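S.K.: My structure is stored as run-v2.pdb, with PDB, C-alpha atoms.
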```pdb
MODEL        1
ATOM      1  CA  MET A   8       1.762 -12.265 -19.982
ATOM      2  CA  ASN A   9      -1.926 -11.437 -19.790
ATOM      3  CA  ALA A  10      -2.838  -7.885 -20.724
ATOM      4  CA  GLU A  11      -4.416  -7.438 -17.307
ATOM      5  CA  ASP A  12      -1.473  -9.032 -15.453
ATOM      6  CA  SER A  13      -0.010  -6.472 -13.084
ATOM      7  CA  ARG A  14       3.098  -8.257 -11.822
ATOM      8  CA  GLY A  15       5.754  -5.882 -10.701
ATOM      9  CA  THR A  16       3.384  -2.940 -10.275
ATOM     10  CA  HIS A  17       3.931  -1.363  -6.905
ATOM     11  CA  ALA A  18       3.543   2.346  -7.652
ATOM     12  CA  PRO A  19       1.940   4.231  -4.782
ATOM     13  CA  HIS A  20      -1.540   5.660  -5.264
ATOM     14  CA  SER A  21      -1.790   9.416  -5.528
ATOM     15  CA  ASN A  22      -4.390   9.588  -2.750
ATOM     16  CA  HIS A  23      -3.471   9.310   0.905
ATOM     17  CA  PHE A  24      -6.193   6.763   1.667
ATOM     18  CA  PRO A  25      -5.125   3.292   2.739
ATOM     19  CA  GLU A  26      -5.329   0.927  -0.223
ATOM     20  CA  THR A  27      -8.060  -1.117   1.475
ATOM     21  CA  ASP A  28     -10.324  -0.161   4.334
ATOM     22  CA  GLU A  29     -11.144  -2.276   7.307
ATOM     23  CA  GLU A  30     -14.076  -4.526   6.420
ATOM     24  CA  SER A  31     -16.456  -3.088   8.942
ATOM     25  CA  GLY A  32     -19.264  -0.580   8.772
ATOM     26  CA  PRO A  33     -21.704  -0.055   5.896
ATOM     27  CA  LEU A  34     -19.325   1.515   3.362
ATOM     28  CA  ARG A  35     -16.441   0.212   1.242
ATOM     29  CA  ARG A  36     -13.981   2.052  -1.005
ATOM     30  CA  CYS A  37     -13.861   1.199  -4.706
ATOM     31  CA  VAL A  38     -10.318   0.304  -5.827
ATOM     32  CA  ILE A  39     -10.872   2.226  -9.081
ATOM     33  CA  THR A  40     -12.864   5.363  -8.275
ATOM     34  CA  ARG A  41     -11.805   5.561  -4.588
ATOM     35  CA  GLU A  42     -15.436   6.438  -3.845
ATOM     36  CA  ARG A  43     -16.974   5.061  -0.667
ATOM     37  CA  LEU A  44     -20.272   3.300  -1.365
ATOM     38  CA  PRO A  45     -22.635   0.907   0.419
ATOM     39  CA  LYS A  46     -21.242  -2.597   0.081
ATOM     40  CA  GLU A  47     -24.546  -3.684  -1.474
ATOM     41  CA  ARG A  48     -23.596  -1.630  -4.540
ATOM     42  CA  MET A  49     -20.166  -3.200  -4.807
ATOM     43  CA  ILE A  50     -18.494  -6.554  -5.434
ATOM     44  CA  ARG A  51     -15.864  -8.030  -3.142
ATOM     45  CA  PHE A  52     -12.716  -9.731  -4.460
ATOM     46  CA  VAL A  53      -9.897 -11.675  -2.875
ATOM     47  CA  VAL A  54      -6.585 -12.923  -4.249
ATOM     48  CA  GLY A  55      -6.309 -16.679  -4.714
ATOM     49  CA  PRO A  56      -3.242 -18.792  -3.880
ATOM     50  CA  ASP A  57      -1.991 -18.374  -7.465
ATOM     51  CA  ARG A  58      -2.384 -14.569  -7.206
ATOM     52  CA  THR A  59      -5.442 -14.621  -9.482
ATOM     53  CA  LEU A  60      -8.290 -12.252  -8.667
ATOM     54  CA  VAL A  61     -11.339 -14.147  -7.370
ATOM     55  CA  PRO A  62     -14.854 -12.585  -7.177
ATOM     56  CA  ASP A  63     -16.567 -13.149  -3.833
ATOM     57  CA  LEU A  64     -20.230 -12.326  -4.454
ATOM     58  CA  ALA A  65     -21.350 -13.625  -1.068
ATOM     59  CA  ALA A  66     -18.514 -11.743   0.686
ATOM     60  CA  THR A  67     -17.580 -14.812   2.716
ATOM     61  CA  LEU A  68     -14.186 -15.915   1.376
ATOM     62  CA  PRO A  69     -11.194 -15.511   3.692
ATOM     63  CA  GLY A  70      -8.476 -13.074   2.815
ATOM     64  CA  ARG A  71      -7.965  -9.391   2.263
ATOM     65  CA  GLY A  72     -11.116  -7.976   0.725
ATOM     66  CA  MET A  73     -10.968  -5.564  -2.200
ATOM     67  CA  TRP A  74     -14.096  -3.854  -3.454
ATOM     68  CA  LEU A  75     -15.152  -2.712  -6.904
ATOM     69  CA  SER A  76     -18.220  -0.682  -7.840
ATOM     70  CA  ALA A  77     -20.874  -2.834  -9.525
ATOM     71  CA  SER A  78     -20.850  -0.573 -12.561
ATOM     72  CA  GLY A  79     -20.101  -1.570 -16.111
ATOM     73  CA  ASP A  80     -18.833   1.924 -16.862
ATOM     74  CA  VAL A  81     -16.242   1.771 -14.082
ATOM     75  CA  ILE A  82     -14.929  -1.634 -15.169
ATOM     76  CA  GLN A  83     -14.862  -0.937 -18.898
ATOM     77  CA  THR A  84     -13.216   2.468 -18.492
ATOM     78  CA  ALA A  85     -10.539   1.045 -16.204
ATOM     79  CA  ARG A  86      -9.852  -1.824 -18.619
ATOM     80  CA  ALA A  87      -9.649   0.518 -21.594
ATOM     81  CA  GLN A  88      -7.135   2.690 -19.770
ATOM     82  CA  GLY A  89      -5.151  -0.320 -18.548
ATOM     83  CA  GLY A  90      -5.738   0.542 -14.913
ATOM     84  CA  LEU A  91      -7.775  -2.396 -13.657
ATOM     85  CA  GLY A  92      -4.807  -4.651 -12.925
ATOM     86  CA  ARG A  93      -2.777  -1.823 -11.428
ATOM     87  CA  ALA A  94      -5.604  -0.811  -9.103
ATOM     88  CA  PHE A  95      -6.033  -4.334  -7.762
ATOM     89  CA  ALA A  96      -2.265  -4.767  -7.419
ATOM     90  CA  ARG A  97      -2.096  -1.638  -5.269
ATOM     91  CA  ALA A  98      -5.009  -2.813  -3.163
ATOM     92  CA  ALA A  99      -3.512  -6.292  -2.764
ATOM     93  CA  ARG A 100      -0.031  -4.884  -2.124
ATOM     94  CA  GLY A 101       1.438  -7.308  -4.600
ATOM     95  CA  PRO A 102       1.096  -8.789  -8.078
ATOM     96  CA  VAL A 103      -2.389  -9.822  -9.199
ATOM     97  CA  THR A 104      -3.634 -11.482 -12.373
ATOM     98  CA  VAL A 105      -7.024 -10.171 -13.480
ATOM     99  CA  PRO A 106      -8.990 -12.640 -15.648
ATOM    100  CA  PRO A 107      -9.381 -11.190 -19.155
ATOM    101  CA  ASP A 108     -13.071 -12.135 -19.201
ATOM    102  CA  LEU A 109     -13.825 -10.533 -15.834
ATOM    103  CA  PRO A 110     -16.966  -8.557 -16.868
ATOM    104  CA  ALA A 111     -18.550 -11.578 -18.567
ATOM    105  CA  ALA A 112     -17.566 -13.864 -15.696
ATOM    106  CA  LEU A 113     -19.106 -11.496 -13.147
ATOM    107  CA  GLU A 114     -22.338 -11.263 -15.114
ATOM    108  CA  ALA A 115     -22.577 -15.053 -15.467
ATOM    109  CA  ALA A 116     -21.896 -15.535 -11.758
ATOM    110  CA  LEU A 117     -24.587 -13.047 -10.797
ATOM    111  CA  VAL A 118     -27.104 -14.715 -13.117
ATOM    112  CA  ARG A 119     -26.370 -18.062 -11.424
ATOM    113  CA  ARG A 120     -26.628 -16.546  -7.970
ATOM    114  CA  ILE A 121     -29.962 -14.876  -8.728
ATOM    115  CA  GLY A 122     -31.284 -18.170 -10.064
ATOM    116  CA  GLU A 123     -30.122 -20.016  -6.940
ATOM    117  CA  LEU A 124     -31.662 -17.461  -4.586
ATOM    118  CA  LEU A 125     -34.902 -17.443  -6.539
ATOM    119  CA  GLY A 126     -35.007 -21.238  -6.338
ATOM    120  CA  LEU A 127     -34.578 -21.058  -2.576
ATOM    121  CA  ALA A 128     -37.352 -18.465  -2.346
ATOM    122  CA  ARG A 129     -39.697 -20.645  -4.436
ATOM    123  CA  ARG A 130     -39.059 -23.721  -2.295
ATOM    124  CA  ALA A 131     -39.578 -21.691   0.873
ATOM    125  CA  GLY A 132     -42.955 -20.450  -0.373
ATOM    126  CA  GLN A 133     -41.607 -16.901  -0.659
ATOM    127  CA  ALA A 134     -41.897 -16.560  -4.457
ATOM    128  CA  VAL A 135     -44.700 -17.170  -6.936
ATOM    129  CA  ALA A 136     -44.731 -16.905 -10.724
ATOM    130  CA  GLY A 137     -47.352 -16.200 -13.344
ATOM    131  CA  PHE A 138     -49.558 -13.187 -14.025
ATOM    132  CA  ASP A 139     -52.485 -14.144 -11.780
ATOM    133  CA  LYS A 140     -50.595 -15.470  -8.740
ATOM    134  CA  ALA A 141     -47.947 -12.749  -8.770
ATOM    135  CA  ARG A 142     -50.607 -10.088  -9.332
ATOM    136  CA  GLU A 143     -52.540 -11.377  -6.309
ATOM    137  CA  TRP A 144     -49.437 -11.029  -4.140
ATOM    138  CA  LEU A 145     -48.837  -7.563  -5.567
ATOM    139  CA  ARG A 146     -52.388  -6.412  -4.784
ATOM    140  CA  SER A 147     -52.383  -7.903  -1.279
ATOM    141  CA  GLY A 148     -49.081  -6.247  -0.383
ATOM    142  CA  ARG A 149     -47.287  -9.538   0.081
ATOM    143  CA  GLY A 150     -45.106  -9.086  -3.003
ATOM    144  CA  LEU A 151     -42.900  -6.065  -2.322
ATOM    145  CA  LEU A 152     -40.274  -7.158  -4.870
ATOM    146  CA  ILE A 153     -41.281  -7.950  -8.443
ATOM    147  CA  LEU A 154     -38.957  -9.590 -10.939
ATOM    148  CA  GLN A 155     -40.070  -9.247 -14.547
ATOM    149  CA  ALA A 156     -38.523 -10.864 -17.593
ATOM    150  CA  SER A 157     -36.061  -8.538 -19.295
ATOM    151  CA  ASP A 158     -37.462  -9.590 -22.677
ATOM    152  CA  GLY A 159     -41.124  -9.469 -21.664
ATOM    153  CA  SER A 160     -43.779  -7.473 -23.475
ATOM    154  CA  VAL A 161     -43.754  -3.807 -22.461
ATOM    155  CA  ALA A 162     -47.540  -3.610 -22.616
ATOM    156  CA  GLU A 163     -48.007  -6.793 -20.576
ATOM    157  CA  ARG A 164     -45.513  -5.729 -17.948
ATOM    158  CA  SER A 165     -47.144  -2.321 -17.623
ATOM    159  CA  ARG A 166     -50.596  -3.900 -17.313
ATOM    160  CA  PHE A 167     -49.326  -6.155 -14.534
ATOM    161  CA  LEU A 168     -47.911  -3.197 -12.587
ATOM    162  CA  ALA A 169     -50.955  -0.950 -12.988
ATOM    163  CA  GLY A 170     -51.829   0.501  -9.605
ATOM    164  CA  ALA A 171     -48.790  -0.936  -7.838
ATOM    165  CA  ALA A 172     -47.720   0.906  -4.685
ATOM    166  CA  ASP A 173     -44.638   3.103  -4.775
ATOM    167  CA  SER A 174     -43.030   0.838  -2.163
ATOM    168  CA  VAL A 175     -42.881  -2.044  -4.667
ATOM    169  CA  GLU A 176     -39.464  -2.480  -6.290
ATOM    170  CA  VAL A 177     -39.431  -3.814  -9.846
ATOM    171  CA  LEU A 178     -36.288  -5.308 -11.393
ATOM    172  CA  ASP A 179     -35.705  -7.239 -14.613
ATOM    173  CA  PRO A 180     -32.388  -9.086 -14.329
ATOM    174  CA  LEU A 181     -33.205 -12.273 -16.269
ATOM    175  CA  PRO A 182     -34.968 -13.244 -19.506
ATOM    176  CA  ALA A 183     -38.229 -15.187 -19.435
ATOM    177  CA  ALA A 184     -36.633 -18.539 -20.320
ATOM    178  CA  VAL A 185     -34.201 -18.341 -17.392
ATOM    179  CA  LEU A 186     -36.938 -17.314 -14.954
ATOM    180  CA  GLY A 187     -39.012 -20.174 -16.298
ATOM    181  CA  GLN A 188     -36.308 -22.735 -15.530
ATOM    182  CA  VAL A 189     -36.563 -21.922 -11.831
ATOM    183  CA  PHE A 190     -40.305 -22.617 -11.836
ATOM    184  CA  GLY A 191     -40.266 -25.593 -14.208
ATOM    185  CA  ARG A 192     -41.899 -23.705 -17.082
ATOM    186  CA  ASP A 193     -40.955 -22.727 -20.613
ATOM    187  CA  HIS A 194     -40.970 -19.083 -19.654
ATOM    188  CA  VAL A 195     -42.074 -16.767 -16.853
ATOM    189  CA  VAL A 196     -42.583 -13.019 -17.143
ATOM    190  CA  HIS A 197     -43.801 -12.047 -13.655
ATOM    191  CA  VAL A 198     -42.452 -13.168 -10.275
ATOM    192  CA  ALA A 199     -43.501 -11.798  -6.890
ATOM    193  CA  ILE A 200     -41.170 -12.131  -3.894
ATOM    194  CA  ALA A 201     -42.259 -11.893  -0.262
ATOM    195  CA  PRO A 202     -40.370  -9.644   2.174
ATOM    196  CA  GLY A 203     -37.489 -11.278   4.016
ATOM    197  CA  ARG A 204     -33.794 -12.039   3.813
ATOM    198  CA  LEU A 205     -34.080 -13.963   0.537
ATOM    199  CA  GLY A 206     -35.958 -11.094  -1.049
ATOM    200  CA  GLU A 207     -33.357  -8.636   0.181
ATOM    201  CA  ARG A 208     -30.525 -10.730  -1.263
ATOM    202  CA  LEU A 209     -32.346 -11.109  -4.564
ATOM    203  CA  ALA A 210     -32.829  -7.362  -4.852
ATOM    204  CA  ILE A 211     -29.162  -6.688  -4.076
ATOM    205  CA  GLU A 212     -27.869  -9.161  -6.650
ATOM    206  CA  ALA A 213     -30.366  -8.008  -9.297
ATOM    207  CA  ARG A 214     -29.296  -4.388  -8.790
ATOM    208  CA  ARG A 215     -25.644  -5.392  -9.049
ATOM    209  CA  LEU A 216     -26.314  -7.235 -12.297
ATOM    210  CA  GLN A 217     -28.186  -4.297 -13.774
ATOM    211  CA  GLY A 218     -25.359  -2.007 -12.680
ATOM    212  CA  LEU A 219     -22.794  -4.159 -14.478
ATOM    213  CA  ARG A 220     -25.010  -4.013 -17.561
ATOM    214  CA  GLY A 221     -25.281  -0.241 -17.310
ATOM    215  CA  VAL A 222     -29.017  -0.397 -16.633
ATOM    216  CA  THR A 223     -30.615   2.102 -14.276
ATOM    217  CA  GLY A 224     -34.086   1.487 -12.922
ATOM    218  CA  THR A 225     -36.508  -0.976 -14.443
ATOM    219  CA  GLY A 226     -35.892  -1.977 -18.030
ATOM    220  CA  ARG A 227     -38.720  -1.900 -20.581
ATOM    221  CA  SER A 228     -37.266  -4.020 -23.339
ATOM    222  CA  GLN A 229     -39.534  -5.324 -26.080
ATOM    223  CA  GLY A 230     -40.062  -9.027 -26.600
ATOM    224  CA  LEU A 231     -42.468 -11.908 -26.154
ATOM    225  CA  ASP A 232     -45.353  -9.730 -27.358
ATOM    226  CA  GLY A 233     -48.580 -11.630 -27.153
ATOM    227  CA  ALA A 234     -47.009 -14.588 -25.321
ATOM    228  CA  ASN A 235     -48.881 -16.100 -22.405
ATOM    229  CA  GLU A 236     -47.286 -17.553 -19.293
ATOM    230  CA  GLN A 237     -47.953 -21.180 -18.661
TER     231      GLN A 237
ENDMDL
END
```
Can you give me the file's structure in the form of structure tokens?

M.R.:
Amino acid sequence: MNAEDSRGTHAPHSNHFPETDEESGPLRRCVITRERLPKERMIRFVVGPDRTLVPDLAATLPGRGMWLSASGDVIQTARAQGGLGRAFARAARGPVTVPPDLPAALEAALVRRIGELLGLARRAGQAVAGFDKAREWLRSGRGLLILQASDGSVAERSRFLAGAADSVEVLDPLPAAVLGQVFGRDHVVHVAIAPGRLGERLAIEARRLQGLRGVTGTGRSQGLDGANEQ
């Protein structure tokens, strides 16, 4: 039996809240913390036909939705205390098998989803890469979301953002090599995203990924010092 397998666990929760809320309105309740948060800060799950927990990043799969805070601390603490499987079993009102590699699987899925959304934005003319092009969008006000490589040079990233308006959101969910793949380059450090639905989705998924990694705000990791974007 998997360590996270919760078959046979039907103990009632100590709170008087229903185990899952109706999936309407802007807030959802985390199955672990019981805190109500905006759904954009959470990840939806459903139970598959084999009773295995299935992440639903797009929140489109049929079935009873269960929500978990997009926070590495919440997931790791629950796993360490053996409560992750029990919490989902209560929410699902029946046995659930939680994949043992759930945190890594969630992170990998979010990385793929960010890459896919960024590719869509590039093809739609809503994303540009490279210091000069992205900087032009930033200065003109067209780029209200900036993605920077998580392993980019601190000095270079700061120079790029010099004078940026407070309304510009800066996130660093992916390394330069992964950003580069989307734009057909060896690496990319700076990407500007135009306002719109794709930009909104990108920001949501990037924040979720940083939450799972325990990152708050914009990272300033060292790396690629002196490298130039192609």

S.K.: Can you list, as a list in words, the residues that the PyMOL selection byres ((chain A and resi 194) around 8) selects here?

M.R.: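 Listing what the PyMOL selection byres ((chain A and resi 194) around 8) selects in the shown file: Ala183, Ala184, Val185, Leu186, Gly187, Gln188, Arg192, Asp193, Val195, Val196, Glu236 and Gln237 of chain A.
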
S.K.: So what does the PyMOL selection byres ((chain A and resi 45) around 7) actually pick up in this one, as a list in words?

M.R.: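 Taken on the displayed file, the PyMOL selection byres ((chain A and resi 45) around 7) yields the residues Pro33, Leu34, Arg35, Leu44, Lys46, Glu47 and Arg48 of chain A.
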
S.K.: Could you write those residues out with C-alpha atoms, as a compact mmCIF listing (two decimals), keeping the file's coordinate frame?

M.R.:
```
# COMPACT_ATOMS: atom_id res chain seq x y z
CA PRO A 33 -21.70 -0.06 5.90
CA LEU A 34 -19.32 1.52 3.36
CA ARG A 35 -16.44 0.21 1.24
CA LEU A 44 -20.27 3.30 -1.36
CA LYS A 46 -21.24 -2.60 0.08
CA GLU A 47 -24.55 -3.68 -1.47
CA ARG A 48 -23.60 -1.63 -4.54
```

S.K.: By how many Å are atom CA of A:His197 and atom CA of A:Leu64 apart?

M.R.: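 A separation of 25.3 Å between them.
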
S.K.: Taking (-23.3, -13.8, 1.7) in the file's coordinates as the center, which residues reach within 12 Å of it, counting only C-alpha atoms, put as a list in words?

M.R.: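 Looking at atoms near the point gives Lys46, Glu47, Ile50, Arg51, Asp63, Leu64, Ala65, Ala66, Thr67, Leu68, Arg120, Leu124, Arg204, Leu205, Glu207, Arg208, Leu209, Ile211 and Glu212 of chain A.
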
S.K.: Mind telling me what the PyMOL selection byres ((chain A and resi 52-59) around 6) catches here, as a list in words?

M.R.: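 Applied to this file, the PyMOL selection byres ((chain A and resi 52-59) around 6) selects Arg51, Leu60, Val61, Pro62, Asp63, Arg71, Gly72, Met73, Val103 and Thr104 of chain A.
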